[in-house]
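J.: I'd like to ask you about the structure that follows.
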Amino acid sequence: MLMRYTVCRFLEERGFTVESASNGVEALEVLTRLQPSLIVTDLQMPKMSGGELITALKSKPETAGVPIIIVTSRASGFDESEKRANFAIYKDVDIDAQLGKALDAVSGKASTQAAGN
């Protein structure tokens with residue numbers, strides 16, 4: 001929950017309108033109501049993992065092209081070869097600096113909204 005708050009606050013401070021979800025199932029529900037320009041997701045979530053959420057997002061034409069930033073911990077066993085996301089940041093390293101770098105990396109695709117965990 002603290003990580004979600006930190007990410008949401010960071011994005012809001014940079015002009016994003018943020019919709020938050022506590023798990024992948026809830027994120028998919030939120031995405032039926034809006035078309036985000038950026039999705040930030042944790043890989044470890046209850047009910048539906050971040051990997052499962054990304055699979056669902058990539059299978060839908062309306063969300064397949066939305067930039068995705070993965071939030072994970074180094075200890076999670078995250079596979080750095082994961083190419084379905086545009087960027088990965090680690091919970092156990094300076095989050096603000098990493099989020100800034102991730103936003104710079106996807107800045108051509110992200111504009112005013114973000115959704116996810």
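A note on labels: chains of the structure tokens are A, B, ... as shown, every chain counts residues from 1, and ligands are counted from 1 in their shown order.
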Give the alpha helix (DSSP H) residues of region 19-69 of chain A, as DSSP finds them on the backbone, and put them as a list of chain:residue names.
T.: A:Gly24, A:Val25, A:Glu26, A:Ala27, A:Leu28, A:Glu29, A:Val30, A:Gly50, A:Gly51, A:Glu52, A:Leu53, A:Ile54, A:Thr55, A:Ala56, A:Leu57, A:Lys58
J.: Generate the output file for the selected residues, N, CA and C atoms, as a PDB file, in the first residue's frame.
T.:
```
ATOM      1  N   GLY A  24      -4.853  -6.931  -9.742  1.00  0.00           N
ATOM      2  CA  GLY A  24      -5.040  -6.984 -11.188  1.00  0.00           C
ATOM      3  C   GLY A  24      -6.493  -7.034 -11.623  1.00  0.00           C
ATOM      4  N   VAL A  25      -7.322  -7.740 -10.883  1.00  0.00           N
ATOM      5  CA  VAL A  25      -8.743  -7.833 -11.222  1.00  0.00           C
ATOM      6  C   VAL A  25      -9.385  -6.448 -11.121  1.00  0.00           C
ATOM      7  N   GLU A  26      -9.072  -5.746 -10.048  1.00  0.00           N
ATOM      8  CA  GLU A  26      -9.604  -4.393  -9.864  1.00  0.00           C
ATOM      9  C   GLU A  26      -9.073  -3.456 -10.952  1.00  0.00           C
ATOM     10  N   ALA A  27      -7.816  -3.616 -11.342  1.00  0.00           N
ATOM     11  CA  ALA A  27      -7.235  -2.784 -12.405  1.00  0.00           C
ATOM     12  C   ALA A  27      -7.993  -2.975 -13.712  1.00  0.00           C
ATOM     13  N   LEU A  28      -8.324  -4.214 -14.049  1.00  0.00           N
ATOM     14  CA  LEU A  28      -9.085  -4.460 -15.279  1.00  0.00           C
ATOM     15  C   LEU A  28     -10.458  -3.802 -15.212  1.00  0.00           C
ATOM     16  N   GLU A  29     -11.071  -3.789 -14.033  1.00  0.00           N
ATOM     17  CA  GLU A  29     -12.361  -3.120 -13.856  1.00  0.00           C
ATOM     18  C   GLU A  29     -12.213  -1.619 -14.080  1.00  0.00           C
ATOM     19  N   VAL A  30     -11.183  -1.014 -13.499  1.00  0.00           N
ATOM     20  CA  VAL A  30     -10.925   0.418 -13.691  1.00  0.00           C
ATOM     21  C   VAL A  30     -10.744   0.712 -15.177  1.00  0.00           C
ATOM     22  N   GLY A  50       0.776  -9.261 -11.575  1.00  0.00           N
ATOM     23  CA  GLY A  50       1.098  -8.260 -12.584  1.00  0.00           C
ATOM     24  C   GLY A  50       1.363  -8.885 -13.938  1.00  0.00           C
ATOM     25  N   GLY A  51       2.006 -10.052 -13.945  1.00  0.00           N
ATOM     26  CA  GLY A  51       2.248 -10.757 -15.208  1.00  0.00           C
ATOM     27  C   GLY A  51       0.953 -11.150 -15.895  1.00  0.00           C
ATOM     28  N   GLU A  52      -0.007 -11.626 -15.113  1.00  0.00           N
ATOM     29  CA  GLU A  52      -1.317 -11.984 -15.671  1.00  0.00           C
ATOM     30  C   GLU A  52      -2.051 -10.734 -16.164  1.00  0.00           C
ATOM     31  N   LEU A  53      -1.917  -9.638 -15.416  1.00  0.00           N
ATOM     32  CA  LEU A  53      -2.537  -8.380 -15.840  1.00  0.00           C
ATOM     33  C   LEU A  53      -1.951  -7.921 -17.170  1.00  0.00           C
ATOM     34  N   ILE A  54      -0.629  -7.982 -17.294  1.00  0.00           N
ATOM     35  CA  ILE A  54       0.012  -7.565 -18.543  1.00  0.00           C
ATOM     36  C   ILE A  54      -0.461  -8.430 -19.703  1.00  0.00           C
ATOM     37  N   THR A  55      -0.581  -9.731 -19.488  1.00  0.00           N
ATOM     38  CA  THR A  55      -1.090 -10.626 -20.536  1.00  0.00           C
ATOM     39  C   THR A  55      -2.490 -10.195 -20.965  1.00  0.00           C
ATOM     40  N   ALA A  56      -3.354  -9.896 -19.992  1.00  0.00           N
ATOM     41  CA  ALA A  56      -4.721  -9.451 -20.304  1.00  0.00           C
ATOM     42  C   ALA A  56      -4.695  -8.121 -21.061  1.00  0.00           C
ATOM     43  N   LEU A  57      -3.852  -7.203 -20.641  1.00  0.00           N
ATOM     44  CA  LEU A  57      -3.765  -5.891 -21.296  1.00  0.00           C
ATOM     45  C   LEU A  57      -3.276  -6.012 -22.729  1.00  0.00           C
ATOM     46  N   LYS A  58      -2.280  -6.846 -22.954  1.00  0.00           N
ATOM     47  CA  LYS A  58      -1.705  -6.999 -24.292  1.00  0.00           C
ATOM     48  C   LYS A  58      -2.650  -7.732 -25.242  1.00  0.00           C
TER      49      LYS A  58
END
```
J.: For Gly100 (chain A), find every residue with an atom within 12 Å (counting only C-alpha atoms), except residues of its own chain fewer than 4 positions away, and show them as a JSON list (two decimals) with all heavy atoms, in the first residue's frame.
T.:
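Result went into selection03.json, see below:
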```json
[["chain", "number", "residue", "atom", "x", "y", "z"],
["A", 7, "VAL", "N", 3.95, 5.88, -5.58],
["A", 7, "VAL", "CA", 3.88, 5.98, -7.04],
["A", 7, "VAL", "C", 2.76, 6.96, -7.45],
["A", 7, "VAL", "O", 2.97, 7.81, -8.31],
["A", 7, "VAL", "CB", 3.67, 4.59, -7.68],
["A", 7, "VAL", "CG1", 3.36, 4.70, -9.17],
["A", 7, "VAL", "CG2", 4.90, 3.72, -7.45],
["A", 10, "PHE", "N", 3.81, 10.56, -6.72],
["A", 10, "PHE", "CA", 4.83, 10.98, -7.68],
["A", 10, "PHE", "C", 4.19, 11.39, -9.00],
["A", 10, "PHE", "O", 4.51, 12.43, -9.57],
["A", 10, "PHE", "CB", 5.83, 9.84, -7.90],
["A", 10, "PHE", "CG", 6.93, 10.17, -8.87],
["A", 10, "PHE", "CD1", 8.12, 10.71, -8.43],
["A", 10, "PHE", "CD2", 6.77, 9.95, -10.22],
["A", 10, "PHE", "CE1", 9.13, 11.03, -9.32],
["A", 10, "PHE", "CE2", 7.76, 10.27, -11.13],
["A", 10, "PHE", "CZ", 8.95, 10.81, -10.67],
["A", 11, "LEU", "N", 3.27, 10.56, -9.50],
["A", 11, "LEU", "CA", 2.63, 10.84, -10.79],
["A", 11, "LEU", "C", 1.72, 12.06, -10.71],
["A", 11, "LEU", "O", 1.69, 12.90, -11.62],
["A", 11, "LEU", "CB", 1.86, 9.61, -11.28],
["A", 11, "LEU", "CG", 2.73, 8.42, -11.66],
["A", 11, "LEU", "CD1", 1.88, 7.18, -11.89],
["A", 11, "LEU", "CD2", 3.59, 8.73, -12.87],
["A", 13, "GLU", "N", 2.00, 14.61, -8.74],
["A", 13, "GLU", "CA", 2.85, 15.80, -8.66],
["A", 13, "GLU", "C", 3.37, 16.23, -10.03],
["A", 13, "GLU", "O", 3.80, 17.36, -10.21],
["A", 13, "GLU", "CB", 4.03, 15.57, -7.71],
["A", 13, "GLU", "CG", 3.63, 15.51, -6.25],
["A", 13, "GLU", "CD", 4.77, 15.10, -5.34],
["A", 13, "GLU", "OE1", 5.87, 14.73, -5.82],
["A", 13, "GLU", "OE2", 4.56, 15.13, -4.11],
["A", 14, "ARG", "N", 3.34, 15.32, -10.98],
["A", 14, "ARG", "CA", 3.80, 15.62, -12.34],
["A", 14, "ARG", "C", 2.65, 15.80, -13.32],
["A", 14, "ARG", "O", 2.82, 15.72, -14.52],
["A", 14, "ARG", "CB", 4.76, 14.53, -12.79],
["A", 14, "ARG", "CG", 6.13, 14.76, -12.16],
["A", 14, "ARG", "CD", 6.88, 13.49, -11.88],
["A", 14, "ARG", "NE", 8.10, 13.79, -11.14],
["A", 14, "ARG", "CZ", 8.17, 13.96, -9.82],
["A", 14, "ARG", "NH1", 7.07, 13.87, -9.08],
["A", 14, "ARG", "NH2", 9.31, 14.23, -9.22],
["A", 69, "ILE", "N", 4.86, 0.30, -16.91],
["A", 69, "ILE", "CA", 6.01, 0.32, -16.01],
["A", 69, "ILE", "C", 5.76, -0.72, -14.93],
["A", 69, "ILE", "O", 4.72, -0.70, -14.28],
["A", 69, "ILE", "CB", 6.21, 1.71, -15.37],
["A", 69, "ILE", "CG1", 6.49, 2.75, -16.45],
["A", 69, "ILE", "CG2", 7.35, 1.66, -14.34],
["A", 69, "ILE", "CD1", 6.54, 4.19, -15.93],
["A", 87, "PHE", "N", 9.35, -0.51, -19.08],
["A", 87, "PHE", "CA", 10.35, -0.16, -18.09],
["A", 87, "PHE", "C", 10.07, -0.94, -16.81],
["A", 87, "PHE", "O", 8.92, -1.24, -16.52],
["A", 87, "PHE", "CB", 10.29, 1.34, -17.79],
["A", 87, "PHE", "CG", 11.60, 1.95, -17.42],
["A", 87, "PHE", "CD1", 12.46, 2.43, -18.38],
["A", 87, "PHE", "CD2", 11.98, 2.03, -16.09],
["A", 87, "PHE", "CE1", 13.67, 2.99, -18.05],
["A", 87, "PHE", "CE2", 13.19, 2.59, -15.73],
["A", 87, "PHE", "CZ", 14.04, 3.07, -16.72],
["A", 88, "ALA", "N", 11.10, -1.25, -16.04],
["A", 88, "ALA", "CA", 10.95, -1.88, -14.73],
["A", 88, "ALA", "C", 11.70, -1.04, -13.70],
["A", 88, "ALA", "O", 12.80, -0.57, -13.97],
["A", 88, "ALA", "CB", 11.49, -3.30, -14.73],
["A", 89, "ILE", "N", 11.06, -0.84, -12.55],
["A", 89, "ILE", "CA", 11.72, -0.16, -11.44],
["A", 89, "ILE", "C", 11.68, -1.08, -10.23],
["A", 89, "ILE", "O", 10.81, -1.95, -10.12],
["A", 89, "ILE", "CB", 11.09, 1.21, -11.14],
["A", 89, "ILE", "CG1", 9.63, 1.06, -10.70],
["A", 89, "ILE", "CG2", 11.20, 2.15, -12.33],
["A", 89, "ILE", "CD1", 9.02, 2.36, -10.22],
["A", 94, "ASP", "N", 15.95, 3.87, -4.86],
["A", 94, "ASP", "CA", 15.33, 5.19, -4.88],
["A", 94, "ASP", "C", 14.18, 5.27, -5.90],
["A", 94, "ASP", "O", 14.40, 5.39, -7.10],
["A", 94, "ASP", "CB", 16.38, 6.26, -5.19],
["A", 94, "ASP", "CG", 15.83, 7.67, -5.18],
["A", 94, "ASP", "OD1", 14.63, 7.86, -4.91],
["A", 94, "ASP", "OD2", 16.62, 8.59, -5.44],
["A", 95, "ILE", "N", 12.95, 5.18, -5.40],
["A", 95, "ILE", "CA", 11.77, 5.11, -6.25],
["A", 95, "ILE", "C", 11.59, 6.38, -7.08],
["A", 95, "ILE", "O", 11.32, 6.31, -8.27],
["A", 95, "ILE", "CB", 10.50, 4.85, -5.41],
["A", 95, "ILE", "CG1", 10.59, 3.48, -4.75],
["A", 95, "ILE", "CG2", 9.23, 4.96, -6.24],
["A", 95, "ILE", "CD1", 10.72, 2.33, -5.70],
["A", 96, "ASP", "N", 11.71, 7.55, -6.47],
["A", 96, "ASP", "CA", 11.50, 8.80, -7.20],
["A", 96, "ASP", "C", 12.45, 8.92, -8.39],
["A", 96, "ASP", "O", 12.03, 9.29, -9.49],
["A", 96, "ASP", "CB", 11.64, 10.01, -6.29],
["A", 96, "ASP", "CG", 10.44, 10.20, -5.36],
["A", 96, "ASP", "OD1", 9.45, 9.45, -5.50],
["A", 96, "ASP", "OD2", 10.50, 11.08, -4.50],
["A", 104, "ASP", "N", 10.71, 9.53, -18.30],
["A", 104, "ASP", "CA", 11.50, 10.06, -19.42],
["A", 104, "ASP", "C", 11.55, 9.05, -20.56],
["A", 104, "ASP", "O", 11.44, 9.41, -21.73],
["A", 104, "ASP", "CB", 12.92, 10.40, -18.98],
["A", 104, "ASP", "CG", 12.99, 11.65, -18.11],
["A", 104, "ASP", "OD1", 11.99, 12.41, -18.06],
["A", 104, "ASP", "OD2", 14.03, 11.85, -17.48],
["A", 105, "ALA", "N", 11.68, 7.77, -20.21],
["A", 105, "ALA", "CA", 11.80, 6.72, -21.23],
["A", 105, "ALA", "C", 10.52, 6.53, -22.03],
["A", 105, "ALA", "O", 10.56, 6.19, -23.21],
["A", 105, "ALA", "CB", 12.19, 5.39, -20.58],
["A", 106, "VAL", "N", 9.37, 6.76, -21.40],
["A", 106, "VAL", "CA", 8.09, 6.55, -22.08],
["A", 106, "VAL", "C", 7.40, 7.87, -22.41],
["A", 106, "VAL", "O", 6.25, 7.88, -22.83],
["A", 106, "VAL", "CB", 7.13, 5.62, -21.30],
["A", 106, "VAL", "CG1", 7.72, 4.26, -21.10],
["A", 106, "VAL", "CG2", 6.72, 6.25, -19.97],
["A", 107, "SER", "N", 8.10, 8.99, -22.24],
["A", 107, "SER", "CA", 7.47, 10.31, -22.35],
["A", 107, "SER", "C", 6.80, 10.57, -23.69],
["A", 107, "SER", "O", 5.84, 11.33, -23.74],
["A", 107, "SER", "CB", 8.49, 11.41, -22.06],
["A", 107, "SER", "OG", 9.51, 11.39, -23.03]]
```
J.: With DSSP run on the backbone, what are the strand (DSSP E or B) residues within region 7-111 of chain A? I'd like them as a list in words.
T.: Thr17, Val18, Glu19, Ser20, Ile39, Val40, Thr41, Asp42, Ile68, Ile69, Ile70, Val71, Thr72, Phe87, Ala88, Ile89 and Tyr90 of chain A
J.: I'd like to know which of A:Ile68, A:Lys60, A:Met48, A:Lys83 is closest to Leu99 (chain A), using only C-alpha atoms.
T.: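 Of the candidates, the smallest distance to Leu99 (chain A) is held by A:Ile68.
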J.: Might you pull out every residue within 7 Å of Lys91 (chain A), with only C-alpha atoms counted and same-chain residues fewer than 3 positions away left off, and present them as a list in words?
T.: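 Contacts, in chain order: Val71, Thr72, Ser73 and Ile95 of chain A.
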J.: Please, what distance in Å, to one decimal, runs between CA of Ala64 (chain A) and CA of Leu2 (chain A)?
T.: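 Pair CA of Ala64 (chain A) / CA of Leu2 (chain A) returns 27.9 Å.
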J.: Between CA of Ala102 (chain A) and CA of Ser49 (chain A), what is the spacing in Å?
T.: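 CA of Ala102 (chain A) lies 21.0 Å from CA of Ser49 (chain A).
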J.: Using CA of Arg4 (chain A) and CA of Ser59 (chain A) as the two end points, give the distance in Å to one decimal.
T.: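 Taking CA of Arg4 (chain A) as the start and CA of Ser59 (chain A) as the end point, the length is 24.8 Å.
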J.: Tell me which of A:Pro36, A:Glu62, A:Met3, A:Pro46 sits closest to Phe16 (chain A), counting only C-alpha atoms.
T.: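 Checking each of A:Pro36, A:Glu62, A:Met3, A:Pro46 against Phe16 (chain A), counting only C-alpha atoms, the winner is A:Pro36.
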J.: In terms of the shortest atom-to-atom distance over only C-alpha atoms, which of A:Gly65, A:Leu34, A:Asn86, A:Tyr5 is closest to Ser20 (chain A)?
T.: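 Looking at the shortest contact to Ser20 (chain A), the residue is A:Tyr5.
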